[in-house]
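Note sheet for the following structure.
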Amino acid sequence: MDLLKDSYNSSSEESDVNSEENELPIIPTEILNKYHIAPSTNTESNTMNYKSSLTTKIWNTFIYLEWRPNMKDRRTLDKLLDYYSGVMNQNGIHLKVEPLYWSDLGSPYPLHISLSPNIRIKDIIDRDKLFHRIESKLDKSHLKPFEVKFGNVPMCIRSMTNPKSCFFTLPIDTTTQVGPITDLVKIIEESKKGLNLETSFDLNISMTHMSIGQLNPGNGVTLDMSAINQIIQHSISNCDIPKVCINSINVDKNRQSLSIRFPE
Amino acid sequence: MEDISKYIKDDEDIAFEYELQNDPGQLQTWVRYIDRWREQNTNGLRSEDCILWLFRRYVRQFMNNVDVWFVFINWVIDNRIYTDYNEVATIYEESIRNCGNKSEKLCVNFLKYTIETRDLSLIRKSFDLGLEFTSKHSHYKLWEQLLSFIKNVLISTTESLDKDEKSQIEQFGETISKVFEDDYDIDKAKEENNKTSNIWVSIFLERYLIVCPSNELLDSLTMLGGTHDYKRIKEQYDKYLFQNRDYTNLTRIKDFPYSLNLVYLRVLCELNDKSEYQRFVGTLKQLYSFNHTNLDLITAKYLMTNEGFEALEVHLDTLLQSTVNIEDFSKVSKFHFDFEEAIIDQCLNRINKKEVQNTKYNFQEVMKVHLEKLQMLTNDHSIKLNDLYLRKSPNNVGMWLRRVNHFQALKEKIDVYVQGILQIDPLHVKEPGTFGRFWCNYAQLYWDNKDYDSAREIFERALKVPFPYLKDLETIWFSWVEDELKLNDPTKACLLLEQALKIPDNPMAILEQYENSYGNIPTRMVVFHSLKLWTLYLDLLESEVISTLDKPDEMYKKTIQIYENMIRLKIITPLLFVSYARLVAKYESQIKSFQIYNRAISSFPPEIKYDIWLLYLNVAVRSTLSVEQVRDLFDESLSQLIPNQINCISIYLLNNQYEEKQTGVTQTTITKLVKSAKELSSKFVESKIQLWDLALERTKSHFGLEMARPLYEECITTIPRDKATEYVMSFANLEVALGEVVRAREVLRYGANLLPPLRNEPLWKYWEEFEITNGDKEKYKDMLKFKKKLDEEMKVNTEQVSQESGNIEFVASKTTTHVSQLSNNAPNPEEINLDL
């Protein structure tokens, strides 16, 4: 599948043919949100749902900020990943950083800044309550659309779900963390109070980041995070990091993503 | 003193005068006297003036006598004494006043008379006089007359003016013309309206409402509604219907006739009572929520008159966007078109009269705006109609696709796709594949404009839609792959298909679950089972195998894997199996390809097996297989197919062809043909005959005529009788050729026995010619006798034949099922008399 992803990168250049006047409107976020998550192909869960839900149903949700890089942004990110792939290669780590802004099928894919882990809620009413609380609190807040600033030193973080794999991330700059991210996290913290969560969670503002790539070593290889991060720190790229403007927060609900816009 | 001699003409008149002088109160004398004069008048001997003079004296004498007045008035009216009806009215009034409370009959007649004059003030006068001089209990007689006049004459005239004579455009034209006036002022206009309204009627109805019985209230209010006296109508409606203008009491308002509510709404509109109007129309919409277009159009008229044309346009646009049925849509649409035409017409009229503008309007500009609007309405009509259909059934993808075609600009088309995708609920789309096609068309716009990334983003998002039908997902994958192929990079296309067709660990179990899940298992889980996509993948790979010169091995292996996957998933078709075998034969070995044929044969039912076997054997006979191996294959194919009653003629012929090629024509090959003809099911007569023909032809040509004798004997006894006679004649020919006339005659005798002479004509004709050529008179006679004998012997007893062969008989019913039917010995209606 990487091959597919790789093979599509070049197609960005094909898009150059588009002149400014002929530029077509981007695909509306509403469409992407309506069909955000594909129907599950997990045989077991489907079979269970189909037969009968004997076990307690858990409602999943996830809160995040979404960014849809445009063609220019993707090119900039390509350069950044190429640069660090090269750096790691020079230091004996022969792995390619796979971009996360391309899907497995090679189409553009949005990136996100997680504001929560996968939240598992025991009651659908509580799931909806969480959404409405966030919506109401945001409406009353003074939050305005903001620009996310990133630290200039990327960081590799081990994947929680697959310890062999790791993410290549852009850490959020302290000014953004202290400002709007803290405000948002507070809103989420307050909104989840009293809800029937399967496992409670705490949000670590200092760790907020945006994953832009992934490293997948072969079988039997375990990556040394600190070593990789040291290599990165010693060879910081001069590439510009794209500016990311955020004007809404996203909450997953069933297979949709609901966007709550910040008050203008 | 009048000259009495003018009137008194003869002695008899003098006698009457004396008598009246003596006793003026003698009624009979007056009556006789008047009758005499009236008679003279009829004969032309006396003028009406004379009679009038006498009648005046008569009524003066009996001032309080109703009957006397009645006779007099009737005479005056009947003889048209006065051309001015006021004179008659004066007599009526005088009579009523003189007769006082006894004058009810006179009052009723007076009103009747005045109604006929159509003089409204006189009618009012007579009515008022009637009320004054008749008792309360008799007032109804006067009201009855008056209401009948109002209802039948006054109101209906107004209504007909309203309804029939003016078209909607004309009415709009009048309204617009008024609004265009420099000095147009709504309140003034209302006053003008009031002037033309039927105040005379409304005043009477207002009075009647006070006394009318409760069961006539609604009718009376309806009549009042027709007077256009809006101020009074509102007062009375408020008084009798909407106490304190309380429009919230829905149950009460619901009981009023719809027409009354509409009248009231119109009144509020005419009186320009905006807040009241809005309140009331809101109530009515609640009440008549199923169909409030009429109310909306009344509002539109209100806006035209009171709020200005812009507000009206907005209102009509909103209406067109919200109607949910064709009838309402047509009404609103017509209204809108009529309005635009009327306003353009009015502008044009003024411009033609050199009035380009006044203090309020520049008519050229107004006309320009409305011409544009009219053009837009015309252009957008089909779009708006499409809107309507989509409001009714938003999940009708066909309608959305039609909508796209209504727009020319790319961005407009994209807008439609976006709206459609956001509005359509995939689970409620009824036609498989249409929503998938819709997504693909959307992506295609981007692809065609070389925005490949966006197109891919759309394709991928489409794959996340929970389509209930596999066809939708197939369509999307297929289109995406086709698009990638257009960029001349089949590798991308192959990679996509690889992803689409990933086979899960337990595919057959998943398929079973899917089929039994009633939509609970997403369709995307069974995309791996799409024959369409697998076939596309195969086509792609095979073309790659052919065109890739440097690494055919890799592509070939991949292709083989695809075929194997399809076999594993049991979706491979016989034709694909054959393609597989051919591919293997080309790139590996023929022997391996035969294994594929064998697998194919074991995978399909006998009918399909036959076709595969035929293809297989065609390849095998040309292959390097040994003769024995090929013979084994033929035997195996026949052993599988014959028991299943398959017509294997092509295999038999191929086998014969093969054997003749190996050994030439031998007794063995002929025996094999005979064996084939015999073992083939009797269902396939033509094929059997084909084999016999071949065997006979080969025998005669290679081993001489004599050798064909046993074959003929066998053939004639095994094939059906009606086909056998042809071979009998051929056999007889053979015997004649061999000089064996006797044998030939015996063969013909045998053949004649096969069928009744009537059905065996060719043979008998042949036999006749045969005897003429080869026999003598005796033999000919014998033949005829034999034919006659057979004619008699071979008469078909159909009943017996039917019984013998166990067929269904048409016989009278012998069973009775019901006791009541015992007496009824009606014959079986199904019984048919076969006259054979």
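Numbering starts fresh at 1 for the residues of each chain in the structure tokens, the chains themselves are lettered A, B, ... in the order given, and ligands are numbered from 1 as they appear.
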Select all residues from chain B having any atom no more than 9 Å from an atom of chain A (counting only C-alpha atoms, ignoring ligands), output as a CSV table (one decimal) with C-alpha atoms, in the first residue's frame.
```csv
chain,number,residue,atom,x,y,z
B,410,LEU,CA,-19.1,23.5,-13.6
B,411,LYS,CA,-19.4,25.1,-10.2
B,414,ILE,CA,-20.6,20.7,-8.3
B,418,VAL,CA,-22.6,18.5,-2.9
B,421,ILE,CA,-24.6,13.9,-1.2
B,422,LEU,CA,-25.5,15.8,1.9
B,446,TYR,CA,-12.6,17.0,-10.8
B,449,ASN,CA,-10.4,19.1,-14.8
B,450,LYS,CA,-7.1,17.4,-13.8
B,451,ASP,CA,-7.7,18.0,-10.1
B,452,TYR,CA,-6.8,14.4,-9.5
B,453,ASP,CA,-6.2,14.7,-5.7
B,454,SER,CA,-9.7,16.0,-5.1
B,455,ALA,CA,-11.2,13.4,-7.3
B,456,ARG,CA,-9.3,10.7,-5.4
B,457,GLU,CA,-10.5,12.3,-2.1
B,458,ILE,CA,-14.1,12.0,-3.4
B,459,PHE,CA,-13.6,8.4,-4.5
B,460,GLU,CA,-12.2,7.4,-1.2
B,461,ARG,CA,-14.9,9.2,0.8
B,462,ALA,CA,-17.5,7.5,-1.4
B,463,LEU,CA,-16.1,4.2,-0.2
B,464,LYS,CA,-17.0,5.1,3.3
B,465,VAL,CA,-20.7,5.5,2.5
B,466,PRO,CA,-22.8,2.7,4.0
B,491,THR,CA,0.2,-0.1,-11.6
B,492,LYS,CA,-1.8,2.4,-9.6
B,495,LEU,CA,-2.8,-1.5,-6.5
B,496,LEU,CA,-6.3,-0.1,-6.0
B,499,GLN,CA,-6.9,-3.1,-1.9
B,510,ILE,CA,-18.5,-13.7,5.9
B,513,GLN,CA,-23.3,-13.9,7.4
B,517,SER,CA,-27.7,-10.3,8.0
B,518,TYR,CA,-30.5,-8.2,6.4
B,519,GLY,CA,-28.3,-5.2,6.1
B,520,ASN,CA,-26.6,-5.4,9.4
B,521,ILE,CA,-23.2,-6.3,7.9
B,522,PRO,CA,-21.8,-3.5,5.7
B,523,THR,CA,-21.6,-4.2,2.1
B,524,ARG,CA,-18.0,-3.1,1.9
B,525,MET,CA,-17.1,-6.3,3.7
```
Inset, instruction - From a DSSP calculation on the backbone, collect every residue of range 25-229 of chain A in strand (DSSP E or B) and output the set as an NGL selection string. - result: :A and (59-61 or 63-67 or 98-99 or 102 or 108 or 111-114 or 119-121 or 146-148 or 150 or 155-158 or 166-172 or 197 or 209-215)
Output the selection as a compact mmCIF listing (two decimals), in the first residue's frame - C-alpha atoms for each residue.
```txt
# COMPACT_ATOMS: atom_id res chain seq x y z
CA TRP A 59 -20.15 4.48 22.54
CA ASN A 60 -16.87 5.79 21.21
CA THR A 61 -16.01 9.36 20.54
CA ILE A 63 -12.20 15.07 20.17
CA TYR A 64 -9.66 16.73 17.93
CA LEU A 65 -8.70 19.66 15.77
CA GLU A 66 -8.63 18.88 12.09
CA TRP A 67 -6.45 20.36 9.37
CA GLU A 98 5.46 7.52 5.62
CA PRO A 99 3.27 10.61 5.31
CA TRP A 102 -2.08 10.63 2.25
CA PRO A 108 -5.33 13.47 0.44
CA LEU A 111 -4.25 15.64 9.81
CA HIS A 112 -5.37 16.20 13.35
CA ILE A 113 -4.33 17.41 16.75
CA SER A 114 -5.83 15.07 19.34
CA ILE A 119 -13.32 8.19 24.74
CA ARG A 120 -15.48 5.18 25.59
CA ILE A 121 -18.83 6.10 27.06
CA PHE A 146 -6.63 30.75 15.79
CA GLU A 147 -3.40 29.83 14.09
CA VAL A 148 -1.53 26.84 15.48
CA PHE A 150 4.50 24.41 15.93
CA MET A 155 9.53 14.59 17.71
CA CYS A 156 9.01 10.87 17.34
CA ILE A 157 6.42 9.34 19.66
CA ARG A 158 5.81 5.64 20.07
CA CYS A 166 6.13 5.35 15.91
CA PHE A 167 4.71 8.68 14.78
CA PHE A 168 6.68 11.57 13.42
CA THR A 169 5.05 14.59 15.03
CA LEU A 170 5.17 18.36 15.12
CA PRO A 171 4.83 19.46 18.77
CA ILE A 172 2.51 22.40 19.39
CA LEU A 197 -17.04 6.98 31.03
CA HIS A 209 1.11 17.55 18.78
CA MET A 210 0.20 16.85 15.20
CA SER A 211 1.39 13.56 13.71
CA ILE A 212 2.47 14.04 10.12
CA GLY A 213 4.25 10.76 9.43
CA GLN A 214 4.78 7.24 10.60
CA LEU A 215 7.75 4.94 10.86
```
Inset, instruction - Mind checking which residues fall within 7 Å of range 650-657 of chain B, counting only C-alpha atoms, ignoring those fewer than 4 positions away in the same chain, and posting them as a list in words? - result: Leu614, Phe634, Lys661, Thr669 and Ser676 of chain B
Inset, instruction - One decimal, Å: what's the distance from CA of Lys122 in chain A over to CA of Ile58 in chain A, could you say? - result: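 Pair CA of Lys122 in chain A / CA of Ile58 in chain A returns 5.0 Å.
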Inset, instruction - Name the residues in contact with Ile351 in chain B at a cut-off of 10 Å, using only C-alpha atoms, excluding same-chain residues fewer than 6 positions from it; report them as number ranges by chain. - result: B: 345, 357, 362-364, 367
Write the residues of the selection above to a file with N, CA and C atoms, as a short mmCIF file (atom, residue, chain, number, x, y, z; two decimals), in the first residue's frame.
```cif
data_model
loop_
_atom_site.label_atom_id
_atom_site.label_comp_id
_atom_site.auth_asym_id
_atom_site.auth_seq_id
_atom_site.Cartn_x
_atom_site.Cartn_y
_atom_site.Cartn_z
N ASP B 345 -46.49 44.39 -18.86
CA ASP B 345 -47.53 44.94 -19.71
C ASP B 345 -47.89 46.37 -19.30
N GLN B 357 -41.54 57.79 -16.74
CA GLN B 357 -41.44 57.70 -15.28
C GLN B 357 -42.41 58.66 -14.61
N ASN B 362 -39.63 54.53 -12.24
CA ASN B 362 -39.09 54.67 -13.58
C ASN B 362 -39.53 53.40 -14.30
N PHE B 363 -40.50 53.55 -15.18
CA PHE B 363 -41.13 52.35 -15.76
C PHE B 363 -40.18 51.54 -16.64
N GLN B 364 -39.21 52.24 -17.23
CA GLN B 364 -38.24 51.48 -18.03
C GLN B 364 -37.41 50.55 -17.15
N MET B 367 -39.55 47.74 -15.83
CA MET B 367 -39.78 46.74 -16.87
C MET B 367 -38.53 45.87 -17.05
#
```
Inset, instruction - Determine, counting only C-alpha atoms, which protein, DNA and RNA residues have an atom within 10 Å of an atom of Val251 in chain A; residues of the same chain fewer than 2 positions away are not included. Present the result as a PyMOL selection string. - result: chain A and resi 33+61-65+115-116+130-131+134-135+248-249+253-254+256-260
Suppose we keep C-alpha atoms; can you now write the selection as a compact mmCIF listing (two decimals), in the first residue's frame?
```
# COMPACT_ATOMS: atom_id res chain seq x y z
CA ASN A 33 -17.71 14.89 8.06
CA THR A 61 -16.01 9.36 20.54
CA PHE A 62 -12.89 11.35 19.92
CA ILE A 63 -12.20 15.07 20.17
CA TYR A 64 -9.66 16.73 17.93
CA LEU A 65 -8.70 19.66 15.77
CA LEU A 115 -7.53 16.73 22.25
CA SER A 116 -8.58 13.45 23.80
CA LEU A 130 -20.69 15.61 26.06
CA PHE A 131 -21.16 17.03 22.57
CA ILE A 134 -18.81 21.34 24.48
CA GLU A 135 -20.97 23.11 21.95
CA SER A 248 -13.57 24.57 14.78
CA ILE A 249 -13.29 21.57 17.02
CA LYS A 253 -20.31 10.70 16.63
CA ASN A 254 -21.04 7.28 15.23
CA GLN A 256 -19.84 11.17 11.44
CA SER A 257 -17.57 13.92 12.58
CA LEU A 258 -19.37 16.90 14.03
CA SER A 259 -17.68 20.25 13.63
CA ILE A 260 -18.32 22.90 16.25
```
Inset, instruction - Go through range 1-222 of chain A and collect every residue that DSSP, computed from the backbone, puts in alpha helix (DSSP H); the answer should be as a PyMOL selection string. - result: chain A and resi 2-9+11-15+29-34+43-51+71-90+124-140+174-176+182-191
Inset, instruction - Kindly give the distance, in Å, that separates CA of Glu726 in chain B and CA of Leu696 in chain B, rounded to a single decimal. - result: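 Taking CA of Glu726 in chain B and CA of Leu696 in chain B, their separation equals 13.3 Å.
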Inset, instruction - Write out as a ChimeraX atom specification which residues come within 7 Å of His228 in chain B when counting only C-alpha atoms, dropping same-chain ones fewer than 2 positions away. - result: /B:197-198,225-226,230
Print the selection's residues with C-alpha atoms to a file, as an mmCIF file, in the first residue's frame.
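Generated output (part.cif):
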```cif
data_model
loop_
_atom_site.group_PDB
_atom_site.id
_atom_site.type_symbol
_atom_site.label_atom_id
_atom_site.label_comp_id
_atom_site.auth_asym_id
_atom_site.auth_seq_id
_atom_site.Cartn_x
_atom_site.Cartn_y
_atom_site.Cartn_z
ATOM 1 C CA SER B 197 -68.712 48.337 -2.721
ATOM 2 C CA ASN B 198 -72.300 47.389 -2.151
ATOM 3 C CA GLY B 225 -68.774 38.919 2.514
ATOM 4 C CA GLY B 226 -69.824 39.380 -1.084
ATOM 5 C CA TYR B 230 -64.858 45.590 3.995
#
```
Inset, instruction - Counting only C-alpha atoms, figure out which residue out of A:Leu138, A:Leu223, A:Val87, A:Ile231 gets nearest to Val185 in chain A. - result: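 Once distances to Val185 in chain A are computed over only C-alpha atoms, the minimum belongs to A:Leu138.
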Legend entry - Top pick for closest residue to Ile96 in chain B, considering B:Val108, B:Leu615, B:Leu147, B:Val674 and counting only C-alpha atoms: B:Val108
Inset, instruction - Tell me which protein, DNA and RNA residues are within 8 Å of range 176-180 of chain A, counting only C-alpha atoms, leaving out same-chain ones fewer than 5 positions away, and put them as number ranges by chain. - result: A: 143, 146, 148-149, 205-206, 208
Inset, instruction - Would you work out the distance separating CA of Leu146 in chain B from CA of Asn79 in chain B, expressed in Å to one decimal? - result: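 Separation of CA of Leu146 in chain B and CA of Asn79 in chain B: 26.0 Å.
The smallest atom-to-atom distance between Thr199 in chain A and any of A:Lys137, A:Gly151, A:Met160, A:Asn118, using only C-alpha atoms, is found for A:Asn118.
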